[in-house]
$ cat coords_32.cif   # mmCIF, C-alpha atoms and all ligand atoms
data_data
#
loop_
_atom_site.label_atom_id
_atom_site.label_comp_id
_atom_site.auth_asym_id
_atom_site.auth_seq_id
_atom_site.Cartn_x
_atom_site.Cartn_y
_atom_site.Cartn_z
CA MET U 12 272.59 255.53 171.14
CA PRO U 13 269.84 252.96 170.62
CA ASP U 14 267.11 255.04 172.28
CA ARG U 15 267.57 258.05 169.98
CA LYS U 16 265.85 258.10 166.58
CA ARG U 17 268.25 257.37 163.75
CA VAL U 18 268.90 259.75 160.85
CA PHE U 19 270.52 258.67 157.59
CA SER U 20 271.43 260.65 154.49
CA GLY U 21 273.96 260.55 151.68
CA ILE U 22 275.54 262.80 149.08
CA GLN U 23 277.15 261.79 145.81
CA PRO U 24 280.79 262.72 145.24
CA THR U 25 279.92 263.82 141.72
CA GLY U 26 281.13 267.38 141.76
CA ASN U 27 281.29 270.41 143.87
CA ILE U 28 278.60 270.99 146.45
CA HIS U 29 276.21 273.79 145.50
CA LEU U 30 273.72 275.95 147.35
CA GLY U 31 270.90 273.50 146.54
CA ASN U 32 272.70 270.65 148.29
CA TYR U 33 273.63 272.93 151.15
CA ILE U 34 270.23 274.50 151.74
CA GLY U 35 268.08 271.48 150.79
CA ALA U 36 269.96 268.85 152.76
CA LEU U 37 273.31 269.60 154.37
CA GLN U 38 272.17 272.35 156.72
CA ASN U 39 269.69 269.85 158.14
CA TRP U 40 272.43 267.21 158.49
CA VAL U 41 274.32 269.58 160.76
CA LYS U 42 271.26 270.48 162.84
CA LEU U 43 270.00 266.93 163.21
CA GLN U 44 273.27 265.49 164.50
CA GLU U 45 272.69 267.47 167.71
CA HIS U 46 269.52 265.57 168.58
CA TYR U 47 269.60 262.25 166.76
CA ASP U 48 271.81 259.27 166.12
CA ALA U 49 273.05 260.63 162.78
CA ILE U 50 274.66 258.55 160.04
CA TYR U 51 275.99 260.32 156.95
CA CYS U 52 277.54 258.82 153.90
CA VAL U 53 279.44 259.83 150.78
CA VAL U 54 277.52 257.61 148.38
CA ASP U 55 280.27 256.75 145.92
CA LEU U 56 278.50 253.64 144.58
CA HIS U 57 275.71 255.92 143.36
CA ALA U 58 278.25 258.20 141.68
CA ILE U 59 279.42 255.41 139.35
CA THR U 60 275.95 254.89 137.88
CA VAL U 61 276.84 257.48 135.23
CA PRO U 62 280.04 257.52 133.13
CA TYR U 63 282.97 258.76 135.25
CA ASP U 64 286.72 259.07 135.47
CA PRO U 65 288.29 256.95 138.27
CA ALA U 66 290.99 259.48 139.16
CA GLU U 67 288.41 262.26 139.32
CA LEU U 68 286.15 260.12 141.49
CA ALA U 69 288.99 259.43 143.95
CA ALA U 70 289.68 263.16 144.29
CA SER U 71 286.01 264.02 144.48
CA ARG U 72 285.32 261.53 147.28
CA LEU U 73 287.94 263.14 149.47
CA ALA U 74 286.82 266.64 148.52
CA THR U 75 283.22 265.75 149.41
CA ALA U 76 284.23 264.31 152.76
CA LYS U 77 286.21 267.49 153.49
CA ALA U 78 283.29 269.66 152.41
CA LEU U 79 280.96 267.87 154.80
CA LEU U 80 283.40 268.39 157.66
CA ALA U 81 283.84 272.07 156.73
CA ILE U 82 280.08 272.58 156.64
CA GLY U 83 279.85 271.23 160.18
CA VAL U 84 279.28 267.48 160.08
CA ASP U 85 280.99 266.43 163.29
CA PRO U 86 282.42 262.91 163.42
CA GLY U 87 282.35 263.18 167.21
CA ASN U 88 278.59 263.54 167.01
CA SER U 89 277.71 261.50 163.92
CA LEU U 90 278.96 258.62 161.80
CA LEU U 91 280.58 259.63 158.49
CA TYR U 92 281.97 257.20 155.89
CA TYR U 93 282.25 256.18 152.23
CA GLN U 94 279.39 253.90 151.17
CA SER U 95 281.64 251.55 149.16
CA GLN U 96 283.62 250.73 152.30
CA VAL U 97 280.55 249.18 153.91
CA PRO U 98 279.61 246.23 151.67
CA GLN U 99 276.39 245.58 153.58
CA HIS U 100 274.78 248.42 151.56
CA ALA U 101 275.26 246.51 148.30
CA GLU U 102 274.29 243.19 149.88
CA LEU U 103 271.00 244.55 151.20
CA ALA U 104 270.33 246.25 147.85
CA TRP U 105 270.40 242.81 146.23
CA LEU U 106 268.12 241.27 148.85
CA LEU U 107 265.62 244.13 148.42
CA GLY U 108 265.99 244.34 144.64
CA VAL U 109 265.07 240.74 143.91
CA ASP U 110 261.52 241.57 144.95
CA THR U 111 261.14 245.16 143.70
CA PRO U 112 258.54 245.42 140.92
CA LEU U 113 259.91 246.79 137.64
CA GLY U 114 256.76 248.92 137.36
CA ALA U 115 257.87 250.92 140.41
CA LEU U 116 261.36 251.52 138.96
CA ASN U 117 259.91 252.48 135.59
CA ARG U 118 258.08 255.37 137.24
CA MET U 119 261.21 257.02 138.64
CA THR U 120 261.60 260.39 136.95
CA GLN U 121 265.29 260.67 137.88
CA PHE U 122 265.97 257.44 135.97
CA LYS U 123 264.20 258.86 132.93
CA GLU U 124 266.11 262.15 133.13
CA LYS U 125 269.53 260.71 133.83
CA SER U 126 269.26 257.85 131.34
CA GLU U 127 268.53 260.37 128.60
CA LYS U 128 272.04 261.71 129.14
CA ALA U 129 273.93 258.59 130.29
CA GLY U 130 272.01 255.89 128.40
CA GLN U 131 269.79 253.19 129.89
CA ARG U 132 272.06 251.42 132.34
CA LEU U 133 271.28 248.90 135.06
CA GLY U 134 273.06 251.03 137.67
CA LEU U 135 270.78 254.00 137.04
CA TYR U 136 267.71 251.77 137.01
CA ALA U 137 268.65 250.06 140.29
CA TYR U 138 269.83 253.32 141.92
CA PRO U 139 266.64 253.77 144.02
CA VAL U 140 266.93 250.23 145.40
CA LEU U 141 270.50 250.92 146.53
CA MET U 142 269.26 254.15 148.11
CA ALA U 143 266.57 252.18 149.95
CA ALA U 144 269.27 249.79 151.19
CA ASP U 145 271.45 252.71 152.35
CA ILE U 146 268.62 253.89 154.58
CA LEU U 147 267.26 250.53 155.69
CA VAL U 148 270.62 248.90 156.47
CA HIS U 149 270.80 251.33 159.38
CA LYS U 150 267.11 251.05 160.22
CA ALA U 151 266.89 254.83 159.92
CA HIS U 152 263.74 256.67 160.96
CA LEU U 153 264.43 260.05 159.35
CA VAL U 154 266.04 261.05 156.05
CA PRO U 155 267.02 264.70 155.46
CA VAL U 156 267.01 265.32 151.67
CA GLY U 157 265.85 267.92 149.15
CA ASP U 158 262.45 267.44 147.56
CA ASP U 159 263.95 265.97 144.35
CA GLN U 160 264.38 262.79 146.42
CA THR U 161 260.70 262.48 147.43
CA GLN U 162 259.91 259.82 144.83
CA HIS U 163 262.92 257.72 145.87
CA LEU U 164 261.91 258.04 149.51
CA GLU U 165 258.40 256.85 148.70
CA LEU U 166 259.85 253.81 146.98
CA THR U 167 262.04 253.16 150.03
CA ARG U 168 258.93 253.22 152.20
CA ASP U 169 257.14 250.79 149.86
CA ILE U 170 260.15 248.48 149.90
CA ALA U 171 260.27 248.55 153.72
CA VAL U 172 256.55 247.84 153.99
CA ARG U 173 256.79 244.96 151.49
CA PHE U 174 259.73 243.40 153.34
CA ASN U 175 258.03 243.79 156.72
CA GLY U 176 254.83 242.23 155.34
CA LYS U 177 256.69 239.25 153.96
CA PHE U 178 259.29 238.57 156.67
CA GLY U 179 257.91 240.28 159.78
CA ASP U 180 258.44 243.72 161.25
CA THR U 181 262.08 244.53 160.49
CA PHE U 182 262.55 248.03 159.13
CA PRO U 183 261.12 251.30 160.44
CA VAL U 184 259.25 253.01 157.57
CA PRO U 185 261.46 256.10 157.17
CA GLU U 186 260.22 259.66 156.96
CA GLN U 187 261.60 262.42 154.80
CA ILE U 188 262.79 265.70 156.33
CA THR U 189 262.92 268.66 153.95
CA PRO U 190 263.35 272.30 154.93
CA GLU U 191 260.17 274.41 154.89
CA VAL U 192 261.98 276.95 152.75
CA GLY U 193 264.63 275.83 150.27
CA ALA U 194 263.60 272.22 149.64
CA ARG U 195 264.22 272.92 145.94
CA VAL U 196 266.69 275.69 145.17
CA MET U 197 266.42 276.68 141.52
CA SER U 198 269.00 277.32 138.81
CA LEU U 199 270.16 280.95 138.59
CA GLN U 200 269.93 280.75 134.80
CA ASP U 201 266.60 278.92 134.54
CA PRO U 202 264.62 279.40 137.74
CA THR U 203 262.05 276.82 136.61
CA ALA U 204 264.69 274.04 136.82
CA LYS U 205 266.44 272.88 139.99
CA MET U 206 270.01 273.95 140.71
CA SER U 207 272.04 270.91 139.83
CA LYS U 208 275.63 269.67 139.71
CA SER U 209 275.24 268.29 136.20
CA ASP U 210 273.95 271.48 134.54
CA PRO U 211 276.59 272.30 131.87
CA ASP U 212 276.14 276.03 132.58
CA GLU U 213 278.36 276.78 135.57
CA SER U 214 276.69 280.12 136.20
CA SER U 215 273.46 278.23 136.96
CA ARG U 216 274.78 277.28 140.40
CA ILE U 217 276.68 278.82 143.29
CA LEU U 218 279.25 276.40 144.68
CA VAL U 219 279.82 276.44 148.40
CA PHE U 220 283.55 276.90 147.66
CA ASP U 221 283.26 279.53 144.93
CA GLU U 222 285.49 282.53 145.54
CA PRO U 223 283.62 285.68 146.65
CA ASP U 224 284.07 287.50 143.34
CA THR U 225 282.75 284.47 141.44
CA ILE U 226 279.69 284.39 143.71
CA VAL U 227 279.06 288.09 143.09
CA LYS U 228 279.45 287.63 139.30
CA LYS U 229 277.08 284.65 139.22
CA PHE U 230 274.39 286.50 141.18
CA ARG U 231 274.82 289.55 138.95
CA ARG U 232 274.14 287.34 135.92
CA ALA U 233 271.16 285.60 137.57
CA VAL U 234 268.02 285.65 135.47
CA THR U 235 265.32 287.84 136.99
CA ASP U 236 261.75 288.42 135.95
CA SER U 237 259.68 291.05 134.20
CA GLY U 238 258.49 293.95 136.33
CA SER U 239 260.60 295.70 138.89
CA GLU U 240 259.10 294.73 142.23
CA VAL U 241 260.82 292.40 144.69
CA ALA U 242 257.96 290.01 145.49
CA TYR U 243 257.55 286.32 146.33
CA ASP U 244 255.56 284.65 143.55
CA VAL U 245 257.01 281.32 142.44
CA THR U 246 254.99 281.18 139.21
CA GLY U 247 254.99 284.83 138.21
CA LYS U 248 258.46 285.73 139.51
CA PRO U 249 260.47 282.51 139.78
CA GLY U 250 263.88 284.22 139.58
CA ILE U 251 263.29 286.79 142.32
CA SER U 252 261.46 284.20 144.45
CA ASN U 253 264.50 281.91 144.27
CA LEU U 254 266.78 284.78 145.34
CA LEU U 255 264.41 285.55 148.22
CA VAL U 256 264.62 281.93 149.38
CA ILE U 257 268.41 282.06 149.32
CA LEU U 258 268.51 285.42 151.14
CA SER U 259 266.05 284.16 153.74
CA LEU U 260 268.26 281.16 154.49
CA PHE U 261 271.42 283.22 154.74
CA THR U 262 269.97 286.00 156.88
CA ASP U 263 267.69 283.87 159.03
CA ARG U 264 264.80 286.20 158.19
CA SER U 265 261.36 285.30 156.87
CA ILE U 266 260.53 285.89 153.22
CA ASP U 267 257.65 288.19 154.23
CA ASP U 268 260.03 290.27 156.26
CA LEU U 269 262.50 290.55 153.38
CA VAL U 270 259.78 291.43 150.88
CA GLU U 271 258.56 294.18 153.14
CA GLU U 272 262.02 295.69 153.45
CA TYR U 273 263.23 295.27 149.85
CA ASN U 274 260.00 295.54 147.86
CA ALA U 275 261.02 298.74 146.09
CA VAL U 276 264.74 297.98 145.73
CA GLN U 277 265.98 297.65 142.12
CA TYR U 278 266.75 294.13 140.92
CA GLY U 279 270.46 294.91 140.45
CA SER U 280 270.86 296.14 144.03
CA PHE U 281 268.80 293.24 145.34
CA LYS U 282 271.09 290.72 143.62
CA GLN U 283 274.10 292.43 145.19
CA LEU U 284 272.46 292.15 148.62
CA VAL U 285 271.89 288.42 148.14
CA ALA U 286 275.46 287.96 146.92
CA ASP U 287 276.87 289.78 149.96
CA ALA U 288 274.83 287.67 152.38
CA VAL U 289 275.91 284.44 150.69
CA VAL U 290 279.59 285.46 150.59
CA GLU U 291 279.46 286.28 154.29
CA GLY U 292 277.69 283.02 155.16
CA LEU U 293 280.06 280.83 153.15
CA THR U 294 283.35 282.44 154.18
CA PRO U 295 283.78 280.46 157.44
CA ILE U 296 283.06 277.21 155.56
CA ARG U 297 285.68 278.03 152.93
CA THR U 298 288.18 278.82 155.67
CA SER U 299 287.56 275.56 157.55
CA TYR U 300 287.91 273.60 154.29
CA LYS U 301 291.34 275.12 153.66
CA ASN U 302 292.45 274.18 157.18
CA LEU U 303 291.58 270.49 156.85
CA ASP U 304 294.40 268.00 156.51
CA ASP U 305 293.86 265.33 153.81
CA VAL U 306 295.62 262.58 155.77
CA GLU U 307 293.59 263.28 158.89
CA VAL U 308 290.35 263.29 156.88
CA ALA U 309 291.28 259.96 155.27
CA ARG U 310 291.91 258.55 158.75
CA LEU U 311 288.54 259.79 159.98
CA MET U 312 286.77 258.21 157.01
CA THR U 313 288.49 254.85 157.60
CA LYS U 314 287.46 254.93 161.24
CA GLY U 315 283.90 255.88 160.21
CA ALA U 316 283.72 252.93 157.80
CA LEU U 317 284.91 250.54 160.49
CA ASP U 318 282.16 251.67 162.88
CA ALA U 319 279.54 251.70 160.12
CA ARG U 320 280.50 248.15 159.04
CA MET U 321 280.02 246.90 162.57
CA ARG U 322 276.64 248.56 162.90
CA ALA U 323 275.42 247.48 159.47
CA GLU U 324 276.62 243.92 160.05
CA ALA U 325 274.72 243.72 163.33
CA GLU U 326 271.52 244.59 161.40
CA MET U 327 272.31 242.26 158.49
CA VAL U 328 272.67 239.19 160.74
CA GLY U 329 268.95 239.42 161.51
CA VAL U 330 267.98 240.24 157.92
CA ARG U 331 269.90 237.26 156.50
CA ARG U 332 268.25 234.96 159.00
CA LEU U 333 264.79 236.25 158.08
CA VAL U 334 265.27 235.68 154.36
CA GLY U 335 266.66 232.18 154.89
CA LEU U 336 270.33 233.00 154.32
CA GLY U 337 271.51 233.03 157.95
CA ASN U 338 274.25 230.89 159.46
N1 LIG B 1 268.45 272.21 143.86
C1 LIG B 1 268.33 271.56 145.02
N2 LIG B 1 267.57 272.09 146.02
C2 LIG B 1 267.46 271.45 147.21
N3 LIG B 1 268.09 270.28 147.50
C3 LIG B 1 268.86 269.73 146.53
N4 LIG B 1 269.61 268.60 146.48
C4 LIG B 1 270.19 268.49 145.28
N5 LIG B 1 269.84 269.54 144.51
C5 LIG B 1 269.02 270.33 145.26
C6 LIG B 1 269.76 267.68 147.61
O1 LIG B 1 271.15 267.56 147.89
C7 LIG B 1 271.39 266.27 148.45
C8 LIG B 1 272.59 265.65 147.83
O2 LIG B 1 272.37 265.52 146.44
P1 LIG B 1 273.19 264.46 145.60
O3 LIG B 1 274.46 265.04 145.20
O4 LIG B 1 273.29 263.20 146.29
O5 LIG B 1 272.23 264.18 144.45
P2 LIG B 1 271.73 264.95 143.27
O6 LIG B 1 270.27 265.17 143.48
O7 LIG B 1 272.13 264.11 142.14
O8 LIG B 1 272.49 266.36 143.21
P3 LIG B 1 272.33 267.26 141.98
O9 LIG B 1 273.11 268.48 142.18
O10 LIG B 1 270.91 267.49 141.67
O11 LIG B 1 273.03 266.41 140.88
P4 LIG B 1 272.53 266.02 139.45
O12 LIG B 1 272.94 267.15 138.63
O13 LIG B 1 273.31 264.77 139.17
O14 LIG B 1 271.04 265.81 139.49
C9 LIG B 1 270.11 265.45 148.22
O15 LIG B 1 269.44 265.36 149.46
C10 LIG B 1 269.31 266.28 147.26
O16 LIG B 1 267.91 266.13 147.49
#
$ encode --input "coords_32.cif" --output "structure tokens"
Amino acid sequence: MPDRKRVFSGIQPTGNIHLGNYIGALQNWVKLQEHYDAIYCVVDLHAITVPYDPAELAASRLATAKALLAIGVDPGNSLLYYQSQVPQHAELAWLLGVDTPLGALNRMTQFKEKSEKAGQRLGLYAYPVLMAADILVHKAHLVPVGDDQTQHLELTRDIAVRFNGKFGDTFPVPEQITPEVGARVMSLQDPTAKMSKSDPDESSRILVFDEPDTIVKKFRRAVTDSGSEVAYDVTGKPGISNLLVILSLFTDRSIDDLVEEYNAVQYGSFKQLVADAVVEGLTPIRTSYKNLDDVEVARLMTKGALDARMRAEAEMVGVRRLVGLGN
């Protein structure tokens, strides 16, 4: 649909999807596909920038694709595929990377954090350039992501502006879409750190496919704050504030409204309330996941890649010509 604005976003198949991914990004993916030309991608080339096991990656790619479908990504209404099956992503990353200043990459905090664990590797360093290519290869206008991706998005915008300045207006300068509430869901064990797939403490995150009793146990163990009042104060009460954000998202009620109702409720009962709302909200997703057929999902992903290759190639013909590498 060339007259509709284009949305692009990706998720790494690096583990099970957690509430941070779901609230920060994936809920928006589902909403946006109704109104925009939506393109969503399992970004498997990003997943191999840290040490990994090939068999686990293969399983995780399929599991991630299934999770996206279960959450509500609709291939009838959006384009869904594996990044590695559309080689134009990697090609454009090279064309953009040759001109990306090292100073800009040196500033990326995610590179600093991840390279502390995985070592300084070219893949991690070049990760933001590949992310820029993912977005720009589809000339996307809007990018729904959590706020941990803000710095990468800014770099993408700089890269687009630099390319346009050098070769002529080619790429829209994309805008980030983050939810007003829940752009950074925090760890249940350390509410000053973001909920993350790579945290070694499994009770720090709720997985979208956790069984109900596991969800209840994890919320019960969630770190709360001193005092006894249920109040929204990110600095003074980071644990309770994080639980309020989660409850707000799962009940579709404002934080003010929830605070008013639950202000005097004991922390233990409040955690149970949050757990119940999350279990109820995630149950239909878990059920749809179980009903998905692996062979059918693989077929859908192959079809998605075919369509995405055609669309990306149509854009790359013009890009190659501009940089002097056309036919
Ligand atoms: N805690 C979070 N709150 C809100 N949004 C989040 N996202 C991730 N964590 C949170 C958003 O989820 C989308 C997909 O993330 P990803 O898997 O591609 O990348 P990630 O940031 O590496 O995920 P993790 O869980 O944070 O993994 P690690 O542990 O490797 O750092 C993105 O839009 C992201 O913003």
$ residues_around --input "coords_32.cif" --residues "stretch 306-316 of chain U" --least-positions-apart "3" --cutoff "6 Å" --atoms "all atoms listed in the file" --output "list in words"
Leu90, Leu91, Tyr92, Gln96, Ala319 and Arg320 of chain U
$ closest_residue --input "coords_32.cif" --among "U:Gln99, U:Ser280, U:Thr294, U:Gln44" --to "U:Met321" --atoms "all atoms listed in the file"
U:Gln99
$ residues_near_ligand --input "coords_32.cif" --ligand "ligand LIG 1 (chain B)" --cutoff "10 Å" --atoms "all atoms listed in the file" --output "PyMOL selection string"
chain U and resi 20-37+39-40+52-55+57-58+61+75+121+124-125+154-161+163+187-190+192-198+204-211+216
$ closest_residue --input "coords_32.cif" --among "U:Leu103, U:Leu116, U:Leu269, U:Gly250" --to "U:Phe174" --atoms "all atoms listed in the file"
U:Leu103
$ closest_residue --input "coords_32.cif" --among "U:Glu67, U:Tyr47, U:Val227, U:Pro249" --to "U:Leu284" --atoms "only C-alpha atoms"
U:Val227
$ residues_around --input "coords_32.cif" --residues "U:Asp48" --least-positions-apart "5" --cutoff "10 Å" --atoms "all atoms listed in the file" --output "list of chain:residue names"
U:Met12, U:Pro13, U:Asp14, U:Arg15, U:Lys16, U:Arg17, U:Val18, U:Phe19, U:Leu43, U:Asn88, U:Ser89, U:Leu90, U:Ala151, U:His152
$ residues_around --input "coords_32.cif" --residues "stretch 230-241 of chain U" --least-positions-apart "4" --cutoff "10 Å" --atoms "only C-alpha atoms" --output "VMD selection string"
chain U and resid 198 to 202 214 to 217 224 to 226 247 to 255 269 to 287 289
$ closest_residue --input "coords_32.cif" --among "U:Ala101, U:Ile59, U:Thr111, U:Pro139" --to "U:Ser71" --atoms "all atoms listed in the file"
U:Ile59
$ closest_residue --input "coords_32.cif" --among "U:Tyr51, U:Tyr63, U:Trp105, U:Phe178" --to "U:Asp85" --atoms "all atoms listed in the file"
U:Tyr51
$ closest_residue --input "coords_32.cif" --among "U:Asp169, U:Glu326, U:Asp305, U:Asp318" --to "U:Ala78" --atoms "only C-alpha atoms"
U:Asp305
$ residues_around --input "coords_32.cif" --residues "U:Leu293" --least-positions-apart "5" --cutoff "10 Å" --atoms "only C-alpha atoms" --output "MDAnalysis selection string"
chainID U and resid 30 82 218:223 261 288 298
$ atom_distance --input "coords_32.cif" --atom1 "atom CA of U:Lys150" --atom2 "atom CA of U:Val172"
12.7 Å
$ atom_distance --input "coords_32.cif" --atom1 "atom CA of U:Ala143" --atom2 "atom CA of U:Arg332"
19.5 Å
$ decode --input "coords_32.cif" --residues "stretch 137-149 of chain U" --atoms "N, CA, C and O atoms" --output "PDB file, in the first residue's frame"
ATOM      1  N   ALA U 137      29.018  -3.251  14.929  1.00  0.00           N
ATOM      2  CA  ALA U 137      28.307  -2.861  13.702  1.00  0.00           C
ATOM      3  C   ALA U 137      26.789  -3.053  13.815  1.00  0.00           C
ATOM      4  O   ALA U 137      26.045  -2.685  12.904  1.00  0.00           O
ATOM      5  N   TYR U 138      26.342  -3.627  14.926  1.00  0.00           N
ATOM      6  CA  TYR U 138      24.924  -3.927  15.145  1.00  0.00           C
ATOM      7  C   TYR U 138      24.014  -2.730  14.806  1.00  0.00           C
ATOM      8  O   TYR U 138      23.033  -2.872  14.055  1.00  0.00           O
ATOM      9  N   PRO U 139      24.330  -1.525  15.294  1.00  0.00           N
ATOM     10  CA  PRO U 139      23.415  -0.398  15.014  1.00  0.00           C
ATOM     11  C   PRO U 139      23.339  -0.037  13.531  1.00  0.00           C
ATOM     12  O   PRO U 139      22.318   0.491  13.087  1.00  0.00           O
ATOM     13  N   VAL U 140      24.407  -0.332  12.782  1.00  0.00           N
ATOM     14  CA  VAL U 140      24.369  -0.024  11.342  1.00  0.00           C
ATOM     15  C   VAL U 140      23.443  -1.020  10.636  1.00  0.00           C
ATOM     16  O   VAL U 140      22.673  -0.646   9.742  1.00  0.00           O
ATOM     17  N   LEU U 141      23.504  -2.285  11.071  1.00  0.00           N
ATOM     18  CA  LEU U 141      22.582  -3.275  10.503  1.00  0.00           C
ATOM     19  C   LEU U 141      21.138  -2.911  10.867  1.00  0.00           C
ATOM     20  O   LEU U 141      20.232  -3.022  10.034  1.00  0.00           O
ATOM     21  N   MET U 142      20.952  -2.420  12.080  1.00  0.00           N
ATOM     22  CA  MET U 142      19.589  -2.012  12.477  1.00  0.00           C
ATOM     23  C   MET U 142      19.115  -0.842  11.609  1.00  0.00           C
ATOM     24  O   MET U 142      17.947  -0.802  11.190  1.00  0.00           O
ATOM     25  N   ALA U 143      20.006   0.084  11.321  1.00  0.00           N
ATOM     26  CA  ALA U 143      19.643   1.204  10.437  1.00  0.00           C
ATOM     27  C   ALA U 143      19.245   0.664   9.062  1.00  0.00           C
ATOM     28  O   ALA U 143      18.243   1.089   8.468  1.00  0.00           O
ATOM     29  N   ALA U 144      20.013  -0.313   8.576  1.00  0.00           N
ATOM     30  CA  ALA U 144      19.708  -0.890   7.258  1.00  0.00           C
ATOM     31  C   ALA U 144      18.359  -1.614   7.270  1.00  0.00           C
ATOM     32  O   ALA U 144      17.595  -1.536   6.305  1.00  0.00           O
ATOM     33  N   ASP U 145      18.063  -2.302   8.379  1.00  0.00           N
ATOM     34  CA  ASP U 145      16.770  -3.006   8.486  1.00  0.00           C
ATOM     35  C   ASP U 145      15.618  -2.026   8.233  1.00  0.00           C
ATOM     36  O   ASP U 145      14.653  -2.331   7.536  1.00  0.00           O
ATOM     37  N   ILE U 146      15.754  -0.864   8.853  1.00  0.00           N
ATOM     38  CA  ILE U 146      14.679   0.137   8.782  1.00  0.00           C
ATOM     39  C   ILE U 146      14.678   0.836   7.424  1.00  0.00           C
ATOM     40  O   ILE U 146      13.638   0.997   6.783  1.00  0.00           O
ATOM     41  N   LEU U 147      15.876   1.204   6.973  1.00  0.00           N
ATOM     42  CA  LEU U 147      15.957   2.037   5.763  1.00  0.00           C
ATOM     43  C   LEU U 147      15.734   1.225   4.490  1.00  0.00           C
ATOM     44  O   LEU U 147      15.270   1.764   3.489  1.00  0.00           O
ATOM     45  N   VAL U 148      16.035  -0.077   4.530  1.00  0.00           N
ATOM     46  CA  VAL U 148      15.854  -0.880   3.307  1.00  0.00           C
ATOM     47  C   VAL U 148      14.374  -0.908   2.907  1.00  0.00           C
ATOM     48  O   VAL U 148      14.039  -1.115   1.744  1.00  0.00           O
ATOM     49  N   HIS U 149      13.512  -0.675   3.889  1.00  0.00           N
ATOM     50  CA  HIS U 149      12.075  -0.613   3.583  1.00  0.00           C
ATOM     51  C   HIS U 149      11.560   0.825   3.557  1.00  0.00           C
ATOM     52  O   HIS U 149      10.347   1.044   3.518  1.00  0.00           O
TER      53      HIS U 149
END
